[in-house]
>>> print(open('entry-v5.cif').read())   # mmCIF, C-alpha atoms
data_entry
#
loop_
_atom_site.group_PDB
_atom_site.id
_atom_site.type_symbol
_atom_site.label_atom_id
_atom_site.label_comp_id
_atom_site.auth_asym_id
_atom_site.auth_seq_id
_atom_site.Cartn_x
_atom_site.Cartn_y
_atom_site.Cartn_z
ATOM 1 C CA MET A 1160 10.810 -24.472 -3.195
ATOM 2 C CA GLY A 1161 7.578 -22.471 -2.978
ATOM 3 C CA GLU A 1162 6.173 -25.022 -0.536
ATOM 4 C CA ILE A 1163 9.207 -24.612 1.733
ATOM 5 C CA ILE A 1164 8.793 -20.832 1.780
ATOM 6 C CA LYS A 1165 5.068 -21.198 2.462
ATOM 7 C CA GLU A 1166 5.698 -23.610 5.352
ATOM 8 C CA PHE A 1167 8.380 -21.336 6.814
ATOM 9 C CA PHE A 1168 6.111 -18.320 6.858
ATOM 10 C CA LEU A 1169 3.028 -20.099 8.113
ATOM 11 C CA ASP A 1170 4.766 -22.252 10.738
ATOM 12 C CA PHE A 1171 7.510 -19.916 11.898
ATOM 13 C CA VAL A 1172 6.131 -16.445 11.290
ATOM 14 C CA GLY A 1173 2.405 -17.117 11.665
ATOM 15 C CA GLU A 1174 -0.657 -16.103 9.692
ATOM 16 C CA GLU A 1175 -1.173 -12.694 11.301
ATOM 17 C CA LEU A 1176 2.420 -11.602 10.717
ATOM 18 C CA CYS A 1177 2.258 -12.879 7.117
ATOM 19 C CA VAL A 1178 -0.798 -10.672 6.550
ATOM 20 C CA PHE A 1179 0.956 -7.729 8.242
ATOM 21 C CA LEU A 1180 4.127 -8.090 6.147
ATOM 22 C CA CYS A 1181 2.121 -8.521 2.934
ATOM 23 C CA SER A 1182 0.215 -5.297 3.632
ATOM 24 C CA MET A 1183 3.507 -3.394 3.843
ATOM 25 C CA LEU A 1184 4.639 -4.418 0.346
ATOM 26 C CA PRO A 1185 4.348 -1.895 -2.487
ATOM 27 C CA ILE A 1186 1.687 -2.634 -5.126
ATOM 28 C CA ILE A 1187 0.255 -5.556 -3.073
ATOM 29 C CA GLU A 1188 -0.546 -3.540 0.078
ATOM 30 C CA LEU A 1189 -3.875 -4.325 1.742
ATOM 31 C CA ARG A 1190 -5.400 -5.249 -1.594
ATOM 32 C CA GLY A 1191 -3.467 -8.506 -1.280
ATOM 33 C CA SER A 1192 -3.246 -8.892 2.482
ATOM 34 C CA ILE A 1193 -7.005 -8.904 3.132
ATOM 35 C CA PRO A 1194 -7.650 -11.739 0.636
ATOM 36 C CA MET A 1195 -4.686 -13.547 2.215
ATOM 37 C CA ALA A 1196 -6.252 -13.152 5.661
ATOM 38 C CA PHE A 1197 -9.544 -14.478 4.279
ATOM 39 C CA ALA A 1198 -7.710 -17.512 2.857
ATOM 40 C CA PHE A 1199 -6.129 -18.092 6.276
ATOM 41 C CA GLY A 1200 -9.567 -17.980 7.889
ATOM 42 C CA LEU A 1201 -8.934 -14.853 9.957
ATOM 43 C CA PRO A 1202 -12.011 -12.864 11.022
ATOM 44 C CA TRP A 1203 -12.803 -9.788 8.903
ATOM 45 C CA TRP A 1204 -12.103 -7.283 11.676
ATOM 46 C CA GLN A 1205 -8.664 -8.771 12.331
ATOM 47 C CA ALA A 1206 -7.842 -8.788 8.613
ATOM 48 C CA TYR A 1207 -8.896 -5.141 8.369
ATOM 49 C CA LEU A 1208 -6.944 -3.926 11.420
ATOM 50 C CA ILE A 1209 -3.739 -5.828 10.668
ATOM 51 C CA SER A 1210 -3.810 -4.765 7.012
ATOM 52 C CA VAL A 1211 -4.512 -1.079 7.670
ATOM 53 C CA VAL A 1212 -1.764 -0.809 10.290
ATOM 54 C CA GLY A 1213 0.726 -2.679 8.103
ATOM 55 C CA ASN A 1214 -0.165 -0.634 5.036
ATOM 56 C CA LEU A 1215 0.336 2.624 6.942
ATOM 57 C CA LEU A 1216 3.675 1.712 8.547
ATOM 58 C CA PRO A 1217 5.857 2.648 5.522
ATOM 59 C CA VAL A 1218 3.987 5.924 4.855
ATOM 60 C CA PRO A 1219 5.866 8.238 7.292
ATOM 61 C CA PHE A 1220 9.215 6.905 6.061
ATOM 62 C CA ILE A 1221 8.217 7.474 2.433
ATOM 63 C CA LEU A 1222 6.947 10.978 3.159
ATOM 64 C CA LEU A 1223 10.068 11.995 5.062
ATOM 65 C CA LEU A 1224 12.831 10.179 3.173
ATOM 66 C CA ILE A 1225 11.828 9.510 -0.440
ATOM 67 C CA ASN A 1226 13.036 12.853 -1.821
ATOM 68 C CA VAL A 1227 16.491 12.301 -0.321
ATOM 69 C CA VAL A 1228 16.608 8.755 -1.678
ATOM 70 C CA ILE A 1229 15.492 9.795 -5.174
ATOM 71 C CA LYS A 1230 18.049 12.637 -5.311
ATOM 72 C CA TRP A 1231 20.807 10.293 -4.153
ATOM 73 C CA MET A 1232 19.828 7.641 -6.702
ATOM 74 C CA ALA A 1233 19.530 10.144 -9.553
ATOM 75 C CA SER A 1234 22.967 11.604 -8.832
ATOM 76 C CA SER A 1235 24.715 8.256 -8.374
ATOM 77 C CA ASN A 1236 26.959 6.668 -10.974
ATOM 78 C CA VAL A 1237 24.994 3.406 -10.869
ATOM 79 C CA GLY A 1238 22.784 2.984 -13.904
ATOM 80 C CA PHE A 1239 20.293 0.789 -12.034
ATOM 81 C CA PHE A 1240 19.701 3.489 -9.391
ATOM 82 C CA ILE A 1241 19.355 6.175 -12.059
ATOM 83 C CA LYS A 1242 16.713 4.068 -13.846
ATOM 84 C CA ILE A 1243 14.760 3.538 -10.593
ATOM 85 C CA ALA A 1244 14.866 7.265 -9.796
ATOM 86 C CA SER A 1245 13.694 8.061 -13.324
ATOM 87 C CA PHE A 1246 10.888 5.479 -13.040
ATOM 88 C CA LEU A 1247 9.720 6.944 -9.715
ATOM 89 C CA LEU A 1248 9.752 10.507 -11.028
ATOM 90 C CA LYS A 1249 7.768 9.440 -14.113
ATOM 91 C CA LYS A 1250 5.218 7.781 -11.819
ATOM 92 C CA VAL A 1251 4.938 11.040 -9.859
ATOM 93 C CA GLU A 1252 4.409 13.089 -13.005
ATOM 94 C CA LYS A 1253 1.781 10.640 -14.265
ATOM 95 C CA ASN A 1254 -0.272 11.040 -11.070
ATOM 96 C CA ARG A 1255 0.662 14.599 -10.080
ATOM 97 C CA GLU A 1256 -2.280 16.373 -11.708
ATOM 98 C CA ARG A 1257 -4.900 14.097 -10.119
ATOM 99 C CA ILE A 1258 -3.491 14.624 -6.641
ATOM 100 C CA GLU A 1259 -2.568 18.320 -6.952
ATOM 101 C CA LYS A 1260 -5.974 19.257 -8.321
ATOM 102 C CA TYR A 1261 -7.812 18.243 -5.161
ATOM 103 C CA SER A 1262 -4.844 18.196 -2.728
ATOM 104 C CA PHE A 1263 -5.898 16.498 0.537
ATOM 105 C CA TRP A 1264 -9.024 14.816 -0.842
ATOM 106 C CA GLY A 1265 -7.308 13.992 -4.128
ATOM 107 C CA LEU A 1266 -4.600 12.064 -2.315
ATOM 108 C CA CYS A 1267 -7.197 10.415 -0.079
ATOM 109 C CA LEU A 1268 -9.263 9.204 -3.037
ATOM 110 C CA PHE A 1269 -6.169 8.165 -4.990
ATOM 111 C CA VAL A 1270 -5.030 5.978 -2.085
ATOM 112 C CA ALA A 1271 -8.570 4.661 -1.487
ATOM 113 C CA ILE A 1272 -9.022 3.289 -5.018
ATOM 114 C CA PRO A 1273 -8.314 -0.431 -4.579
ATOM 115 C CA LEU A 1274 -6.370 -0.910 -7.796
ATOM 116 C CA PRO A 1275 -2.684 -1.704 -8.369
ATOM 117 C CA ALA A 1276 -0.405 1.371 -8.380
ATOM 118 C CA THR A 1277 -2.910 3.583 -6.533
ATOM 119 C CA GLY A 1278 -2.154 2.795 -2.907
ATOM 120 C CA ALA A 1279 -0.387 4.345 0.039
ATOM 121 C CA TRP A 1280 3.073 3.833 -1.448
ATOM 122 C CA THR A 1281 2.378 5.666 -4.712
ATOM 123 C CA GLY A 1282 0.206 8.289 -3.036
ATOM 124 C CA SER A 1283 2.894 9.027 -0.443
ATOM 125 C CA LEU A 1284 5.560 9.173 -3.133
ATOM 126 C CA VAL A 1285 3.572 11.711 -5.138
ATOM 127 C CA ALA A 1286 2.663 13.745 -2.029
ATOM 128 C CA ALA A 1287 6.312 13.949 -0.937
ATOM 129 C CA VAL A 1288 7.656 14.931 -4.360
ATOM 130 C CA ILE A 1289 5.001 17.620 -4.956
ATOM 131 C CA GLY A 1290 5.778 19.091 -1.528
ATOM 132 C CA MET A 1291 2.612 18.289 0.411
ATOM 133 C CA LYS A 1292 3.093 18.785 4.160
ATOM 134 C CA PRO A 1293 3.963 15.388 5.702
ATOM 135 C CA TRP A 1294 1.364 15.499 8.498
ATOM 136 C CA ARG A 1295 -1.358 16.464 6.016
ATOM 137 C CA ALA A 1296 -0.257 13.797 3.533
ATOM 138 C CA PHE A 1297 -0.189 11.174 6.306
ATOM 139 C CA LEU A 1298 -3.700 12.040 7.452
ATOM 140 C CA SER A 1299 -4.936 11.911 3.859
ATOM 141 C CA ALA A 1300 -3.208 8.559 3.287
ATOM 142 C CA LEU A 1301 -4.654 7.266 6.578
ATOM 143 C CA LEU A 1302 -8.194 8.058 5.453
ATOM 144 C CA GLY A 1303 -7.522 6.599 2.016
ATOM 145 C CA VAL A 1304 -6.086 3.372 3.420
ATOM 146 C CA MET A 1305 -9.019 3.025 5.811
ATOM 147 C CA LEU A 1306 -11.493 3.491 2.933
ATOM 148 C CA ALA A 1307 -9.615 1.046 0.706
ATOM 149 C CA GLY A 1308 -9.626 -1.428 3.589
ATOM 150 C CA VAL A 1309 -13.394 -1.123 3.962
ATOM 151 C CA VAL A 1310 -13.938 -1.640 0.213
ATOM 152 C CA VAL A 1311 -11.601 -4.639 -0.043
ATOM 153 C CA THR A 1312 -12.935 -6.204 3.172
ATOM 154 C CA LEU A 1313 -16.521 -5.870 1.940
ATOM 155 C CA ILE A 1314 -15.623 -7.366 -1.436
ATOM 156 C CA VAL A 1315 -13.596 -10.237 -0.006
ATOM 157 C CA TYR A 1316 -15.541 -11.122 3.126
ATOM 158 C CA GLY A 1317 -18.911 -10.107 1.729
ATOM 159 C CA GLY A 1318 -18.703 -11.105 -1.922
ATOM 160 C CA ILE A 1319 -16.408 -14.104 -1.797
ATOM 161 C CA GLY A 1320 -17.863 -15.202 1.530
ATOM 162 C CA PHE A 1321 -21.353 -15.073 0.050
ATOM 163 C CA LEU A 1322 -20.272 -17.031 -3.030
ATOM 164 C CA ALA A 1323 -18.570 -19.653 -0.845
ATOM 165 C CA TRP A 1324 -21.775 -19.935 1.193
ATOM 166 C CA LEU A 1325 -23.787 -20.505 -1.997
ATOM 167 C CA ILE A 1326 -21.456 -23.257 -3.199
#
>>> encode(input="entry-v5.cif", output="structure tokens")
Amino acid sequence: MGEIIKEFFLDFVGEELCVFLCSMLPIIELRGSIPMAFAFGLPWWQAYLISVVGNLLPVPFILLLINVVIKWMASSNVGFFIKIASFLLKKVEKNRERIEKYSFWGLCLFVAIPLPATGAWTGSLVAAVIGMKPWRAFLSALLGVMLAGVVVTLIVYGGIGFLAWLI
């Protein structure tokens, strides 16, 4: 089954669009899409550009709509939605202090750290819930995503590329 899905995406969708879609996914973001691009044999600059643009695409929607969605989910009668809203609010509270302390640069650095649960999705969620101005939060996330992209691209194309050259 996995082989069928792989063939569909690679043959029908194409490598570049696979990288783009992967970079839009929460948790994976460009931390997963740049290694994917490397595995596909895409040049580093293309991997970087596609991944940064794809990673940033959900950010404005998160910044502008997440509070409405969380309020709706929390007030619904569906237990699953209430649990998701509670999970998201706990995630915000866990990261609130780090981002509030340094505001713009705190969000930027939080997004730039190339670790799971510290990307544009989580950073935008926290920024929206703590009331950061959307344009300011977007600019901060933009810088953070660009920095994370540089770090991951250097690690993947520099480090792994160098190791592959040695072997």
>>> residues_around(input="entry-v5.cif", residues="Glu1259 in chain A", least_positions_apart="3", cutoff="12 Å", atoms="all atoms listed in the file", output="short mmCIF file (atom, residue, chain, number, x, y, z; two decimals) with C-alpha atoms, in the coordinates of the input")
data_model
loop_
_atom_site.label_atom_id
_atom_site.label_comp_id
_atom_site.auth_asym_id
_atom_site.auth_seq_id
_atom_site.Cartn_x
_atom_site.Cartn_y
_atom_site.Cartn_z
CA VAL A 1251 4.94 11.04 -9.86
CA GLU A 1252 4.41 13.09 -13.00
CA LYS A 1253 1.78 10.64 -14.26
CA ASN A 1254 -0.27 11.04 -11.07
CA ARG A 1255 0.66 14.60 -10.08
CA GLU A 1256 -2.28 16.37 -11.71
CA SER A 1262 -4.84 18.20 -2.73
CA PHE A 1263 -5.90 16.50 0.54
CA TRP A 1264 -9.02 14.82 -0.84
CA GLY A 1265 -7.31 13.99 -4.13
CA LEU A 1266 -4.60 12.06 -2.32
CA CYS A 1267 -7.20 10.42 -0.08
CA LEU A 1268 -9.26 9.20 -3.04
CA PHE A 1269 -6.17 8.16 -4.99
CA GLY A 1282 0.21 8.29 -3.04
CA VAL A 1285 3.57 11.71 -5.14
CA ALA A 1286 2.66 13.74 -2.03
CA ALA A 1287 6.31 13.95 -0.94
CA VAL A 1288 7.66 14.93 -4.36
CA ILE A 1289 5.00 17.62 -4.96
CA GLY A 1290 5.78 19.09 -1.53
CA MET A 1291 2.61 18.29 0.41
CA ALA A 1296 -0.26 13.80 3.53
#
>>> closest_residue(input="entry-v5.cif", among="A:Met1195, A:Pro1219, A:Gly1213, A:Ile1187", to="Trp1294 in chain A", atoms="only C-alpha atoms")
A:Pro1219
>>> atom_distance(input="entry-v5.cif", atom1="CA of Met1183 in chain A", atom2="CA of Val1315 in chain A")
18.8 Å
>>> residues_around(input="entry-v5.cif", residues="Leu1284 in chain A", least_positions_apart="5", cutoff="8 Å", atoms="all atoms listed in the file", output="VMD selection string")
chain A and resid 1221 to 1222 1225 1251
>>> write_last_selection(input="entry-v5.cif", atoms="C-alpha atoms", output="PDB file, keeping the file's coordinate frame")
ATOM      1  CA  ILE A1221       8.217   7.474   2.433  1.00  0.00           C
ATOM      2  CA  LEU A1222       6.947  10.978   3.159  1.00  0.00           C
ATOM      3  CA  ILE A1225      11.828   9.510  -0.440  1.00  0.00           C
ATOM      4  CA  VAL A1251       4.938  11.040  -9.859  1.00  0.00           C
TER       5      VAL A1251
END
>>> atom_distance(input="entry-v5.cif", atom1="CA of Val1304 in chain A", atom2="CA of Ile1229 in chain A")
24.1 Å
>>> resolve_selection(input="entry-v5.cif", expression="the PyMOL selection byres ((chain A and resi 1232) around 12)", output="short mmCIF file (atom, residue, chain, number, x, y, z; two decimals) with C-alpha atoms, keeping the file's coordinate frame")
data_model
loop_
_atom_site.label_atom_id
_atom_site.label_comp_id
_atom_site.auth_asym_id
_atom_site.auth_seq_id
_atom_site.Cartn_x
_atom_site.Cartn_y
_atom_site.Cartn_z
CA ILE A 1225 11.83 9.51 -0.44
CA ASN A 1226 13.04 12.85 -1.82
CA VAL A 1227 16.49 12.30 -0.32
CA VAL A 1228 16.61 8.76 -1.68
CA ILE A 1229 15.49 9.80 -5.17
CA LYS A 1230 18.05 12.64 -5.31
CA TRP A 1231 20.81 10.29 -4.15
CA ALA A 1233 19.53 10.14 -9.55
CA SER A 1234 22.97 11.60 -8.83
CA SER A 1235 24.72 8.26 -8.37
CA ASN A 1236 26.96 6.67 -10.97
CA VAL A 1237 24.99 3.41 -10.87
CA GLY A 1238 22.78 2.98 -13.90
CA PHE A 1239 20.29 0.79 -12.03
CA PHE A 1240 19.70 3.49 -9.39
CA ILE A 1241 19.36 6.18 -12.06
CA LYS A 1242 16.71 4.07 -13.85
CA ILE A 1243 14.76 3.54 -10.59
CA ALA A 1244 14.87 7.26 -9.80
CA SER A 1245 13.69 8.06 -13.32
CA PHE A 1246 10.89 5.48 -13.04
CA LEU A 1247 9.72 6.94 -9.72
CA LEU A 1248 9.75 10.51 -11.03
#
>>> atom_distance(input="entry-v5.cif", atom1="CA of Gly1191 in chain A", atom2="CA of Val1172 in chain A")
17.7 Å
>>> residues_near_point(input="entry-v5.cif", point="(-10.2, 8.5, 5.7)", cutoff="10 Å", atoms="all atoms listed in the file", output="NGL selection string")
:A and (1264 or 1267-1268 or 1270-1271 or 1298-1307)
>>> closest_residue(input="entry-v5.cif", among="A:Ser1210, A:Trp1203, A:Ala1276, A:Lys1249", to="Cys1177 in chain A", atoms="all atoms listed in the file")
A:Ser1210
>>> build_atoms(input="entry-v5.cif", residues="range 1223-1252 of chain A", atoms="N, CA and C atoms", output="mmCIF file, keeping the file's coordinate frame")
data_model
loop_
_atom_site.group_PDB
_atom_site.id
_atom_site.type_symbol
_atom_site.label_atom_id
_atom_site.label_comp_id
_atom_site.auth_asym_id
_atom_site.auth_seq_id
_atom_site.Cartn_x
_atom_site.Cartn_y
_atom_site.Cartn_z
ATOM 1 N N LEU A 1223 8.927 11.246 4.531
ATOM 2 C CA LEU A 1223 10.068 11.995 5.062
ATOM 3 C C LEU A 1223 11.378 11.717 4.336
ATOM 4 N N LEU A 1224 11.520 10.552 3.708
ATOM 5 C CA LEU A 1224 12.831 10.179 3.173
ATOM 6 C C LEU A 1224 12.904 10.004 1.659
ATOM 7 N N ILE A 1225 11.779 9.875 0.974
ATOM 8 C CA ILE A 1225 11.828 9.510 -0.440
ATOM 9 C C ILE A 1225 12.530 10.558 -1.303
ATOM 10 N N ASN A 1226 12.362 11.830 -1.011
ATOM 11 C CA ASN A 1226 13.036 12.853 -1.821
ATOM 12 C C ASN A 1226 14.546 12.741 -1.712
ATOM 13 N N VAL A 1227 15.041 12.478 -0.524
ATOM 14 C CA VAL A 1227 16.491 12.301 -0.321
ATOM 15 C C VAL A 1227 16.981 11.078 -1.084
ATOM 16 N N VAL A 1228 16.223 9.992 -1.000
ATOM 17 C CA VAL A 1228 16.608 8.755 -1.678
ATOM 18 C C VAL A 1228 16.596 8.945 -3.188
ATOM 19 N N ILE A 1229 15.568 9.583 -3.719
ATOM 20 C CA ILE A 1229 15.492 9.795 -5.174
ATOM 21 C C ILE A 1229 16.637 10.683 -5.650
ATOM 22 N N LYS A 1230 16.936 11.759 -4.923
ATOM 23 C CA LYS A 1230 18.049 12.637 -5.311
ATOM 24 C C LYS A 1230 19.373 11.884 -5.295
ATOM 25 N N TRP A 1231 19.574 11.073 -4.262
ATOM 26 C CA TRP A 1231 20.807 10.293 -4.153
ATOM 27 C C TRP A 1231 20.911 9.311 -5.320
ATOM 28 N N MET A 1232 19.813 8.621 -5.617
ATOM 29 C CA MET A 1232 19.828 7.641 -6.702
ATOM 30 C C MET A 1232 20.056 8.320 -8.056
ATOM 31 N N ALA A 1233 19.399 9.443 -8.270
ATOM 32 C CA ALA A 1233 19.530 10.144 -9.553
ATOM 33 C C ALA A 1233 20.938 10.678 -9.776
ATOM 34 N N SER A 1234 21.618 11.046 -8.691
ATOM 35 C CA SER A 1234 22.967 11.604 -8.832
ATOM 36 C C SER A 1234 24.071 10.554 -8.706
ATOM 37 N N SER A 1235 23.699 9.298 -8.506
ATOM 38 C CA SER A 1235 24.715 8.256 -8.374
ATOM 39 C C SER A 1235 25.279 7.892 -9.746
ATOM 40 N N ASN A 1236 26.335 7.132 -9.732
ATOM 41 C CA ASN A 1236 26.959 6.668 -10.974
ATOM 42 C C ASN A 1236 26.479 5.278 -11.360
ATOM 43 N N VAL A 1237 25.500 4.752 -10.621
ATOM 44 C CA VAL A 1237 24.994 3.406 -10.869
ATOM 45 C C VAL A 1237 23.755 3.502 -11.762
ATOM 46 N N GLY A 1238 23.863 2.907 -12.927
ATOM 47 C CA GLY A 1238 22.784 2.984 -13.904
ATOM 48 C C GLY A 1238 21.456 2.450 -13.375
ATOM 49 N N PHE A 1239 21.514 1.382 -12.594
ATOM 50 C CA PHE A 1239 20.293 0.789 -12.034
ATOM 51 C C PHE A 1239 19.565 1.789 -11.145
ATOM 52 N N PHE A 1240 20.307 2.493 -10.280
ATOM 53 C CA PHE A 1240 19.701 3.489 -9.391
ATOM 54 C C PHE A 1240 19.117 4.665 -10.181
ATOM 55 N N ILE A 1241 19.836 5.069 -11.221
ATOM 56 C CA ILE A 1241 19.355 6.175 -12.059
ATOM 57 C C ILE A 1241 18.042 5.789 -12.739
ATOM 58 N N LYS A 1242 17.942 4.539 -13.210
ATOM 59 C CA LYS A 1242 16.713 4.068 -13.846
ATOM 60 C C LYS A 1242 15.555 4.027 -12.847
ATOM 61 N N ILE A 1243 15.815 3.581 -11.615
ATOM 62 C CA ILE A 1243 14.760 3.538 -10.593
ATOM 63 C C ILE A 1243 14.289 4.954 -10.268
ATOM 64 N N ALA A 1244 15.233 5.875 -10.095
ATOM 65 C CA ALA A 1244 14.866 7.265 -9.796
ATOM 66 C C ALA A 1244 14.038 7.850 -10.937
ATOM 67 N N SER A 1245 14.433 7.571 -12.156
ATOM 68 C CA SER A 1245 13.694 8.061 -13.324
ATOM 69 C C SER A 1245 12.287 7.455 -13.360
ATOM 70 N N PHE A 1246 12.185 6.157 -13.081
ATOM 71 C CA PHE A 1246 10.888 5.479 -13.040
ATOM 72 C C PHE A 1246 9.978 6.114 -11.989
ATOM 73 N N LEU A 1247 10.523 6.357 -10.799
ATOM 74 C CA LEU A 1247 9.720 6.944 -9.715
ATOM 75 C C LEU A 1247 9.257 8.352 -10.072
ATOM 76 N N LEU A 1248 10.137 9.145 -10.651
ATOM 77 C CA LEU A 1248 9.752 10.507 -11.028
ATOM 78 C C LEU A 1248 8.707 10.516 -12.149
ATOM 79 N N LYS A 1249 8.791 9.558 -13.070
ATOM 80 C CA LYS A 1249 7.768 9.440 -14.113
ATOM 81 C C LYS A 1249 6.424 9.067 -13.490
ATOM 82 N N LYS A 1250 6.438 8.186 -12.512
ATOM 83 C CA LYS A 1250 5.218 7.781 -11.819
ATOM 84 C C LYS A 1250 4.586 8.983 -11.120
ATOM 85 N N VAL A 1251 5.430 9.828 -10.515
ATOM 86 C CA VAL A 1251 4.938 11.040 -9.859
ATOM 87 C C VAL A 1251 4.277 11.948 -10.884
ATOM 88 N N GLU A 1252 4.951 12.186 -11.984
ATOM 89 C CA GLU A 1252 4.409 13.089 -13.005
ATOM 90 C C GLU A 1252 3.103 12.565 -13.582
#
